[in-house]
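K.L.:
Below is the file entry33.pdb, with PDB, C-alpha atoms and all ligand atoms.
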ATOM      1  CA  MET M   1     -25.511  52.970 -22.774  1.00  0.00           C
ATOM      2  CA  THR M   2     -25.288  50.166 -20.228  1.00  0.00           C
ATOM      3  CA  ILE M   3     -22.098  48.220 -19.711  1.00  0.00           C
ATOM      4  CA  LYS M   4     -22.854  44.769 -18.314  1.00  0.00           C
ATOM      5  CA  ILE M   5     -20.148  42.726 -16.583  1.00  0.00           C
ATOM      6  CA  THR M   6     -20.582  38.946 -16.452  1.00  0.00           C
ATOM      7  CA  ARG M   7     -18.409  36.273 -14.951  1.00  0.00           C
ATOM      8  CA  GLN M   8     -17.245  33.326 -16.997  1.00  0.00           C
ATOM      9  CA  TYR M   9     -15.023  30.381 -16.324  1.00  0.00           C
ATOM     10  CA  ASN M  10     -13.423  28.538 -19.181  1.00  0.00           C
ATOM     11  CA  PRO M  11     -12.576  24.953 -18.200  1.00  0.00           C
ATOM     12  CA  LYS M  12     -10.381  24.578 -21.270  1.00  0.00           C
ATOM     13  CA  PHE M  13      -7.772  26.679 -19.517  1.00  0.00           C
ATOM     14  CA  LEU M  14      -7.544  24.306 -16.561  1.00  0.00           C
ATOM     15  CA  LYS M  15      -5.247  21.901 -18.372  1.00  0.00           C
ATOM     16  CA  THR M  16      -2.883  24.729 -19.246  1.00  0.00           C
ATOM     17  CA  GLN M  17      -3.048  25.848 -15.652  1.00  0.00           C
ATOM     18  CA  ASP M  18      -2.255  22.388 -14.319  1.00  0.00           C
ATOM     19  CA  ARG M  19       0.787  22.216 -16.562  1.00  0.00           C
ATOM     20  CA  LEU M  20       1.846  25.661 -15.424  1.00  0.00           C
ATOM     21  CA  VAL M  21       1.603  24.659 -11.784  1.00  0.00           C
ATOM     22  CA  GLU M  22       3.928  21.738 -12.500  1.00  0.00           C
ATOM     23  CA  ILE M  23       6.650  23.971 -13.844  1.00  0.00           C
ATOM     24  CA  VAL M  24       6.452  27.100 -11.706  1.00  0.00           C
ATOM     25  CA  SER M  25       8.151  27.439  -8.353  1.00  0.00           C
ATOM     26  CA  ASP M  26       6.413  26.133  -5.254  1.00  0.00           C
ATOM     27  CA  ASP M  27       6.424  29.730  -4.047  1.00  0.00           C
ATOM     28  CA  ILE M  28       3.739  30.583  -6.547  1.00  0.00           C
ATOM     29  CA  LYS M  29       0.570  28.691  -5.918  1.00  0.00           C
ATOM     30  CA  TYR M  30      -2.239  29.456  -8.273  1.00  0.00           C
ATOM     31  CA  ASP M  31      -5.822  29.186  -7.231  1.00  0.00           C
ATOM     32  CA  PRO M  32      -6.891  25.631  -8.171  1.00  0.00           C
ATOM     33  CA  ASP M  33      -9.823  27.135 -10.050  1.00  0.00           C
ATOM     34  CA  GLY M  34      -7.303  28.580 -12.481  1.00  0.00           C
ATOM     35  CA  TYR M  35      -7.896  31.744 -14.395  1.00  0.00           C
ATOM     36  CA  LYS M  36     -11.009  33.752 -13.827  1.00  0.00           C
ATOM     37  CA  TYR M  37     -12.745  36.045 -16.245  1.00  0.00           C
ATOM     38  CA  TYR M  38     -15.158  38.882 -16.444  1.00  0.00           C
ATOM     39  CA  PHE M  39     -16.588  39.904 -19.768  1.00  0.00           C
ATOM     40  CA  ALA M  40     -18.065  43.302 -20.543  1.00  0.00           C
ATOM     41  CA  GLU M  41     -21.066  43.555 -22.831  1.00  0.00           C
ATOM     42  CA  ILE M  42     -22.759  46.520 -24.423  1.00  0.00           C
ATOM     43  CA  ASP M  43     -26.206  45.781 -25.811  1.00  0.00           C
ATOM     44  CA  GLY M  44     -25.470  42.052 -25.772  1.00  0.00           C
ATOM     45  CA  GLU M  45     -22.184  42.400 -27.650  1.00  0.00           C
ATOM     46  CA  THR M  46     -18.982  41.295 -25.905  1.00  0.00           C
ATOM     47  CA  VAL M  47     -16.667  44.291 -25.949  1.00  0.00           C
ATOM     48  CA  GLY M  48     -14.054  43.556 -23.288  1.00  0.00           C
ATOM     49  CA  VAL M  49     -12.460  40.928 -21.091  1.00  0.00           C
ATOM     50  CA  ILE M  50     -10.319  40.740 -17.982  1.00  0.00           C
ATOM     51  CA  GLN M  51      -8.488  37.534 -17.090  1.00  0.00           C
ATOM     52  CA  TYR M  52      -6.963  37.286 -13.637  1.00  0.00           C
ATOM     53  CA  SER M  53      -5.445  34.796 -11.229  1.00  0.00           C
ATOM     54  CA  ILE M  54      -5.478  34.637  -7.463  1.00  0.00           C
ATOM     55  CA  LEU M  55      -2.142  33.840  -5.813  1.00  0.00           C
ATOM     56  CA  PRO M  56      -3.176  33.249  -2.201  1.00  0.00           C
ATOM     57  CA  ASN M  57       0.253  32.768  -0.665  1.00  0.00           C
ATOM     58  CA  LEU M  58       1.448  36.037  -2.199  1.00  0.00           C
ATOM     59  CA  GLU M  59      -1.826  37.743  -1.210  1.00  0.00           C
ATOM     60  CA  LEU M  60      -2.017  38.935  -4.780  1.00  0.00           C
ATOM     61  CA  LEU M  61      -4.593  39.215  -7.524  1.00  0.00           C
ATOM     62  CA  TRP M  62      -2.678  39.206 -10.804  1.00  0.00           C
ATOM     63  CA  VAL M  63      -4.269  40.725 -13.913  1.00  0.00           C
ATOM     64  CA  ASP M  64      -3.138  38.575 -16.833  1.00  0.00           C
ATOM     65  CA  ILE M  65      -5.138  40.169 -19.648  1.00  0.00           C
ATOM     66  CA  LEU M  66      -7.273  43.251 -20.011  1.00  0.00           C
ATOM     67  CA  PHE M  67      -8.627  43.999 -23.428  1.00  0.00           C
ATOM     68  CA  VAL M  68     -11.339  46.280 -24.757  1.00  0.00           C
ATOM     69  CA  ALA M  69     -12.395  46.147 -28.424  1.00  0.00           C
ATOM     70  CA  GLU M  70     -10.920  49.107 -30.278  1.00  0.00           C
ATOM     71  CA  GLN M  71     -14.237  50.657 -31.299  1.00  0.00           C
ATOM     72  CA  HIS M  72     -15.432  50.580 -27.668  1.00  0.00           C
ATOM     73  CA  ARG M  73     -12.432  52.181 -25.985  1.00  0.00           C
ATOM     74  CA  LEU M  74     -12.687  55.364 -23.906  1.00  0.00           C
ATOM     75  CA  LYS M  75     -16.270  54.571 -22.889  1.00  0.00           C
ATOM     76  CA  GLY M  76     -15.443  53.371 -19.374  1.00  0.00           C
ATOM     77  CA  VAL M  77     -15.412  49.630 -20.156  1.00  0.00           C
ATOM     78  CA  GLY M  78     -11.799  49.065 -19.047  1.00  0.00           C
ATOM     79  CA  ARG M  79     -12.413  50.997 -15.834  1.00  0.00           C
ATOM     80  CA  LYS M  80     -15.489  48.923 -15.025  1.00  0.00           C
ATOM     81  CA  LEU M  81     -13.606  45.649 -15.555  1.00  0.00           C
ATOM     82  CA  MET M  82     -10.643  46.829 -13.454  1.00  0.00           C
ATOM     83  CA  LYS M  83     -12.880  48.126 -10.657  1.00  0.00           C
ATOM     84  CA  LYS M  84     -14.562  44.726 -10.525  1.00  0.00           C
ATOM     85  CA  VAL M  85     -11.306  42.893  -9.813  1.00  0.00           C
ATOM     86  CA  MET M  86      -9.953  45.695  -7.594  1.00  0.00           C
ATOM     87  CA  ARG M  87     -13.021  45.232  -5.381  1.00  0.00           C
ATOM     88  CA  ILE M  88     -12.402  41.467  -5.242  1.00  0.00           C
ATOM     89  CA  ALA M  89      -8.766  42.082  -4.208  1.00  0.00           C
ATOM     90  CA  ALA M  90      -9.777  44.696  -1.617  1.00  0.00           C
ATOM     91  CA  LYS M  91     -12.280  42.306  -0.015  1.00  0.00           C
ATOM     92  CA  LYS M  92      -9.494  39.756   0.451  1.00  0.00           C
ATOM     93  CA  ASN M  93      -7.002  42.438   1.489  1.00  0.00           C
ATOM     94  CA  PHE M  94      -4.843  41.400  -1.483  1.00  0.00           C
ATOM     95  CA  LYS M  95      -2.765  43.672  -3.701  1.00  0.00           C
ATOM     96  CA  VAL M  96      -3.408  43.958  -7.441  1.00  0.00           C
ATOM     97  CA  GLY M  97      -0.442  43.151  -9.683  1.00  0.00           C
ATOM     98  CA  LEU M  98      -0.033  43.644 -13.424  1.00  0.00           C
ATOM     99  CA  THR M  99       2.463  44.540 -16.106  1.00  0.00           C
ATOM    100  CA  PRO M 100       1.402  47.672 -17.978  1.00  0.00           C
ATOM    101  CA  ILE M 101       1.974  47.546 -21.718  1.00  0.00           C
ATOM    102  CA  GLY M 102       2.364  50.570 -23.978  1.00  0.00           C
ATOM    103  CA  THR M 103       0.222  53.557 -22.998  1.00  0.00           C
ATOM    104  CA  SER M 104      -1.925  51.460 -20.645  1.00  0.00           C
ATOM    105  CA  ARG M 105       0.074  52.698 -17.630  1.00  0.00           C
ATOM    106  CA  LYS M 106      -1.791  56.030 -17.826  1.00  0.00           C
ATOM    107  CA  PHE M 107      -5.091  54.156 -17.954  1.00  0.00           C
ATOM    108  CA  TYR M 108      -4.193  52.121 -14.851  1.00  0.00           C
ATOM    109  CA  GLU M 109      -3.217  55.271 -12.996  1.00  0.00           C
ATOM    110  CA  ARG M 110      -6.568  56.864 -13.955  1.00  0.00           C
ATOM    111  CA  VAL M 111      -8.433  53.909 -12.486  1.00  0.00           C
ATOM    112  CA  GLY M 112      -6.520  54.095  -9.209  1.00  0.00           C
ATOM    113  CA  ILE M 113      -3.559  51.742  -9.576  1.00  0.00           C
ATOM    114  CA  SER M 114      -0.311  53.144  -8.205  1.00  0.00           C
ATOM    115  CA  PHE M 115       2.993  51.763  -9.368  1.00  0.00           C
ATOM    116  CA  ALA M 116       5.997  51.181  -7.149  1.00  0.00           C
ATOM    117  CA  LYS M 117       8.800  53.598  -8.044  1.00  0.00           C
TER     118      LYS M 117
HETATM  119  C1  LIG M 201      -6.001  49.965 -21.937  1.00  0.00           C
HETATM  120  C2  LIG M 201      -7.492  49.681 -22.220  1.00  0.00           C
HETATM  121  C3  LIG M 201      -7.884  48.395 -21.523  1.00  0.00           C
HETATM  122  C4  LIG M 201      -8.317  50.859 -21.666  1.00  0.00           C
HETATM  123  O1  LIG M 201      -9.718  50.534 -21.767  1.00  0.00           O
HETATM  124  P1  LIG M 201     -10.851  51.663 -22.020  1.00  0.00           P
HETATM  125  O2  LIG M 201     -12.170  51.026 -21.901  1.00  0.00           O
HETATM  126  O3  LIG M 201     -10.567  52.388 -23.282  1.00  0.00           O
HETATM  127  O4  LIG M 201     -10.583  52.666 -20.799  1.00  0.00           O
HETATM  128  P2  LIG M 201     -11.666  53.595 -20.048  1.00  0.00           P
HETATM  129  O5  LIG M 201     -12.579  54.186 -21.064  1.00  0.00           O
HETATM  130  O6  LIG M 201     -12.281  52.840 -18.936  1.00  0.00           O
HETATM  131  O7  LIG M 201     -10.686  54.735 -19.493  1.00  0.00           O
HETATM  132  C5  LIG M 201     -10.516  55.045 -18.108  1.00  0.00           C
HETATM  133  C6  LIG M 201      -9.616  56.276 -18.000  1.00  0.00           C
HETATM  134  O8  LIG M 201      -8.312  55.973 -18.556  1.00  0.00           O
HETATM  135  C7  LIG M 201      -8.006  56.875 -19.625  1.00  0.00           C
HETATM  136  N1  LIG M 201      -7.319  56.112 -20.684  1.00  0.00           N
HETATM  137  C8  LIG M 201      -7.789  55.008 -21.321  1.00  0.00           C
HETATM  138  N2  LIG M 201      -6.879  54.578 -22.218  1.00  0.00           N
HETATM  139  C9  LIG M 201      -5.832  55.433 -22.130  1.00  0.00           C
HETATM  140  C10 LIG M 201      -4.564  55.495 -22.803  1.00  0.00           C
HETATM  141  N3  LIG M 201      -4.224  54.604 -23.731  1.00  0.00           N
HETATM  142  N4  LIG M 201      -3.710  56.497 -22.475  1.00  0.00           N
HETATM  143  C11 LIG M 201      -4.060  57.423 -21.528  1.00  0.00           C
HETATM  144  N5  LIG M 201      -5.236  57.396 -20.827  1.00  0.00           N
HETATM  145  C12 LIG M 201      -6.106  56.399 -21.149  1.00  0.00           C
HETATM  146  C13 LIG M 201      -9.363  57.389 -20.103  1.00  0.00           C
HETATM  147  O9  LIG M 201      -9.241  58.631 -20.749  1.00  0.00           O
HETATM  148  C14 LIG M 201     -10.137  57.470 -18.798  1.00  0.00           C
HETATM  149  O10 LIG M 201      -9.724  58.645 -18.110  1.00  0.00           O
HETATM  150  P3  LIG M 201     -10.691  59.478 -17.121  1.00  0.00           P
HETATM  151  O11 LIG M 201     -10.404  58.928 -15.780  1.00  0.00           O
HETATM  152  O12 LIG M 201     -10.245  60.870 -17.292  1.00  0.00           O
HETATM  153  O13 LIG M 201     -12.105  59.240 -17.555  1.00  0.00           O
HETATM  154  C15 LIG M 201      -7.759  49.598 -23.753  1.00  0.00           C
HETATM  155  O14 LIG M 201      -7.238  50.740 -24.391  1.00  0.00           O
HETATM  156  C16 LIG M 201      -7.172  48.358 -24.412  1.00  0.00           C
HETATM  157  O15 LIG M 201      -7.784  47.292 -24.429  1.00  0.00           O
HETATM  158  N6  LIG M 201      -5.961  48.478 -25.004  1.00  0.00           N
HETATM  159  C17 LIG M 201      -5.309  47.395 -25.707  1.00  0.00           C
HETATM  160  C18 LIG M 201      -4.890  46.276 -24.795  1.00  0.00           C
HETATM  161  C19 LIG M 201      -4.051  46.765 -23.650  1.00  0.00           C
HETATM  162  O16 LIG M 201      -3.165  47.603 -23.797  1.00  0.00           O
HETATM  163  N7  LIG M 201      -4.354  46.210 -22.472  1.00  0.00           N
HETATM  164  C20 LIG M 201      -3.616  46.478 -21.295  1.00  0.00           C
HETATM  165  C21 LIG M 201      -2.400  45.625 -21.314  1.00  0.00           C
HETATM  166  S1  LIG M 201      -1.443  45.766 -19.851  1.00  0.00           S
END
As structure tokens - that is how I would like this structure written.
Ligand SMILES: CC(C)(COP(=O)(O)OP(=O)(O)OC[C@H]1O[C@@H](n2cnc3c(N)ncnc32)[C@H](O)[C@@H]1OP(=O)(O)O)[C@@H](O)C(=O)NCCC(=O)NCCS

P.N.:
Amino acid sequence: MTIKITRQYNPKFLKTQDRLVEIVSDDIKYDPDGYKYYFAEIDGETVGVIQYSILPNLELLWVDILFVAEQHRLKGVGRKLMKKVMRIAAKKNFKVGLTPIGTSRKFYERVGISFAK
């Protein structure tokens, strides 16, 4: 089984992003490119996505969404998507930020994210 990770940029989100920038504090400056995405495919089928934002003045890469299709969980797809963005953050010397939901905290710990106490 090969898990392929491809980058995609959805311009439709830019308008949302522009509106967001208008209302959020000046302290939080989003990358003008807006949200970024990687999609995971198995045999040509899209099985997972990670959406993230770069906040340069906070030196932070924020994971907005990570989702793997139910029937493809526990195959390493989530790890591969997270590792992709963790490498991007490491190259910039940025931290990775996210809000873990439900049991996903254990997953994040398994892939090398440590949470502040
Ligand atoms: C959380 C999620 C992204 C994990 O993706 P996945 O592809 O199933 O995870 P992986 O197969 O890459 O798992 C990596 C490791 O985490 C562990 N893990 C995965 N999901 C776990 C869970 N819910 N609880 C505990 N451990 C988990 C795996 O066992 C594996 O451990 P290993 O290091 O021993 O091999 C996926 O379950 C999901 O999309 N859930 C619904 C949406 C969600 O909760 N997103 C996160 C919101 S913050």

K.L.:
Residues of chain M within 10 Å of ligand LIG 201 (chain M): nearest atom pair and distance (Å, one decimal) for each, counting all atoms listed in the file, sorted by chain and number, as JSON lines?

P.N.:
{"residue": "M:Ala40", "atom": "CA", "partner": "M:LIG201", "partner_atom": "O2", "distance": 9.8}
{"residue": "M:Val47", "atom": "CA", "partner": "M:LIG201", "partner_atom": "O2", "distance": 9.1}
{"residue": "M:Gly48", "atom": "CA", "partner": "M:LIG201", "partner_atom": "O15", "distance": 7.4}
{"residue": "M:Val49", "atom": "CA", "partner": "M:LIG201", "partner_atom": "O15", "distance": 8.6}
{"residue": "M:Ile50", "atom": "CA", "partner": "M:LIG201", "partner_atom": "C3", "distance": 8.8}
{"residue": "M:Val63", "atom": "CA", "partner": "M:LIG201", "partner_atom": "S1", "distance": 8.3}
{"residue": "M:Asp64", "atom": "CA", "partner": "M:LIG201", "partner_atom": "S1", "distance": 8.0}
{"residue": "M:Ile65", "atom": "CA", "partner": "M:LIG201", "partner_atom": "C21", "distance": 6.3}
{"residue": "M:Leu66", "atom": "CA", "partner": "M:LIG201", "partner_atom": "N7", "distance": 4.8}
{"residue": "M:Phe67", "atom": "CA", "partner": "M:LIG201", "partner_atom": "O15", "distance": 3.5}
{"residue": "M:Val68", "atom": "CA", "partner": "M:LIG201", "partner_atom": "O15", "distance": 3.7}
{"residue": "M:Ala69", "atom": "CA", "partner": "M:LIG201", "partner_atom": "O15", "distance": 6.2}
{"residue": "M:Glu70", "atom": "CA", "partner": "M:LIG201", "partner_atom": "O15", "distance": 6.9}
{"residue": "M:Gln71", "atom": "CA", "partner": "M:LIG201", "partner_atom": "O3", "distance": 9.0}
{"residue": "M:His72", "atom": "CA", "partner": "M:LIG201", "partner_atom": "O2", "distance": 6.6}
{"residue": "M:Arg73", "atom": "CA", "partner": "M:LIG201", "partner_atom": "O3", "distance": 3.3}
{"residue": "M:Leu74", "atom": "CA", "partner": "M:LIG201", "partner_atom": "O5", "distance": 3.1}
{"residue": "M:Lys75", "atom": "CA", "partner": "M:LIG201", "partner_atom": "O5", "distance": 4.1}
{"residue": "M:Gly76", "atom": "CA", "partner": "M:LIG201", "partner_atom": "O6", "distance": 3.2}
{"residue": "M:Val77", "atom": "CA", "partner": "M:LIG201", "partner_atom": "O2", "distance": 3.9}
{"residue": "M:Gly78", "atom": "CA", "partner": "M:LIG201", "partner_atom": "O2", "distance": 3.5}
{"residue": "M:Arg79", "atom": "CA", "partner": "M:LIG201", "partner_atom": "O6", "distance": 3.6}
{"residue": "M:Lys80", "atom": "CA", "partner": "M:LIG201", "partner_atom": "O6", "distance": 6.4}
{"residue": "M:Leu81", "atom": "CA", "partner": "M:LIG201", "partner_atom": "O6", "distance": 8.1}
{"residue": "M:Met82", "atom": "CA", "partner": "M:LIG201", "partner_atom": "O6", "distance": 8.3}
{"residue": "M:Lys83", "atom": "CA", "partner": "M:LIG201", "partner_atom": "O6", "distance": 9.5}
{"residue": "M:Leu98", "atom": "CA", "partner": "M:LIG201", "partner_atom": "S1", "distance": 6.9}
{"residue": "M:Thr99", "atom": "CA", "partner": "M:LIG201", "partner_atom": "S1", "distance": 5.5}
{"residue": "M:Pro100", "atom": "CA", "partner": "M:LIG201", "partner_atom": "S1", "distance": 3.9}
{"residue": "M:Ile101", "atom": "CA", "partner": "M:LIG201", "partner_atom": "S1", "distance": 4.3}
{"residue": "M:Gly102", "atom": "CA", "partner": "M:LIG201", "partner_atom": "O16", "distance": 6.3}
{"residue": "M:Thr103", "atom": "CA", "partner": "M:LIG201", "partner_atom": "N3", "distance": 4.6}
{"residue": "M:Ser104", "atom": "CA", "partner": "M:LIG201", "partner_atom": "C1", "distance": 4.5}
{"residue": "M:Arg105", "atom": "CA", "partner": "M:LIG201", "partner_atom": "N4", "distance": 7.2}
{"residue": "M:Lys106", "atom": "CA", "partner": "M:LIG201", "partner_atom": "C11", "distance": 4.6}
{"residue": "M:Phe107", "atom": "CA", "partner": "M:LIG201", "partner_atom": "O8", "distance": 3.7}
{"residue": "M:Tyr108", "atom": "CA", "partner": "M:LIG201", "partner_atom": "O8", "distance": 6.7}
{"residue": "M:Glu109", "atom": "CA", "partner": "M:LIG201", "partner_atom": "O8", "distance": 7.6}
{"residue": "M:Arg110", "atom": "CA", "partner": "M:LIG201", "partner_atom": "O11", "distance": 4.7}
{"residue": "M:Val111", "atom": "CA", "partner": "M:LIG201", "partner_atom": "C5", "distance": 6.1}
{"residue": "M:Gly112", "atom": "CA", "partner": "M:LIG201", "partner_atom": "O11", "distance": 9.0}

K.L.:
When distances are computed from all atoms listed in the file, which of M:Ile5, M:Tyr35, M:Val96, M:Glu45 shows the smallest separation from Leu58 of chain M?

P.N.:
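Among the listed residues, the smallest separation from Leu58 of chain M belongs to M:Val96.
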
K.L.:
List as a PDB file with C-alpha atoms, in the frame of the given file the protein and nucleic acid residues near Gly44 of chain M, meaning an atom at most 10 Å away when all atoms listed in the file are counted, but skip any in the same chain fewer than 2 places from it.

P.N.:
ATOM      1  CA  THR M   2     -25.288  50.166 -20.228  1.00  0.00           C
ATOM      2  CA  ILE M   3     -22.098  48.220 -19.711  1.00  0.00           C
ATOM      3  CA  LYS M   4     -22.854  44.769 -18.314  1.00  0.00           C
ATOM      4  CA  ALA M  40     -18.065  43.302 -20.543  1.00  0.00           C
ATOM      5  CA  GLU M  41     -21.066  43.555 -22.831  1.00  0.00           C
ATOM      6  CA  ILE M  42     -22.759  46.520 -24.423  1.00  0.00           C
ATOM      7  CA  THR M  46     -18.982  41.295 -25.905  1.00  0.00           C
ATOM      8  CA  VAL M  47     -16.667  44.291 -25.949  1.00  0.00           C
TER       9      VAL M  47
END

K.L.:
Counting all atoms listed in the file, which of M:Thr6, M:Asn93, M:Ser114, M:Ser53 gets nearest to Tyr38 of chain M?

P.N.:
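Residue with the minimum atom-to-atom distance to Tyr38 of chain M: M:Thr6.
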
K.L.:
When you count only C-alpha atoms, which of these residues is closest to Val85 of chain M: M:Ile113, M:Tyr52, M:Gly34, M:Leu60?

P.N.:
M:Tyr52

K.L.:
Please report the interatomic distance between atom CA of Asp43 of chain M and atom CA of Lys84 of chain M in Å with one decimal.

P.N.:
19.2 Å

K.L.:
Please indicate the distance in Å from atom CA of Ala90 of chain M to atom CA of Leu61 of chain M, rounded to one decimal place.

P.N.:
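Those two atoms sit 9.6 Å apart.
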
K.L.:
Kindly indicate which residue among M:Trp62, M:Arg7, M:Leu55, M:Ile88 lies nearest to Phe39 of chain M, using all atoms listed in the file for the distances.

P.N.:
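Selected residue with least distance to Phe39 of chain M: M:Arg7.
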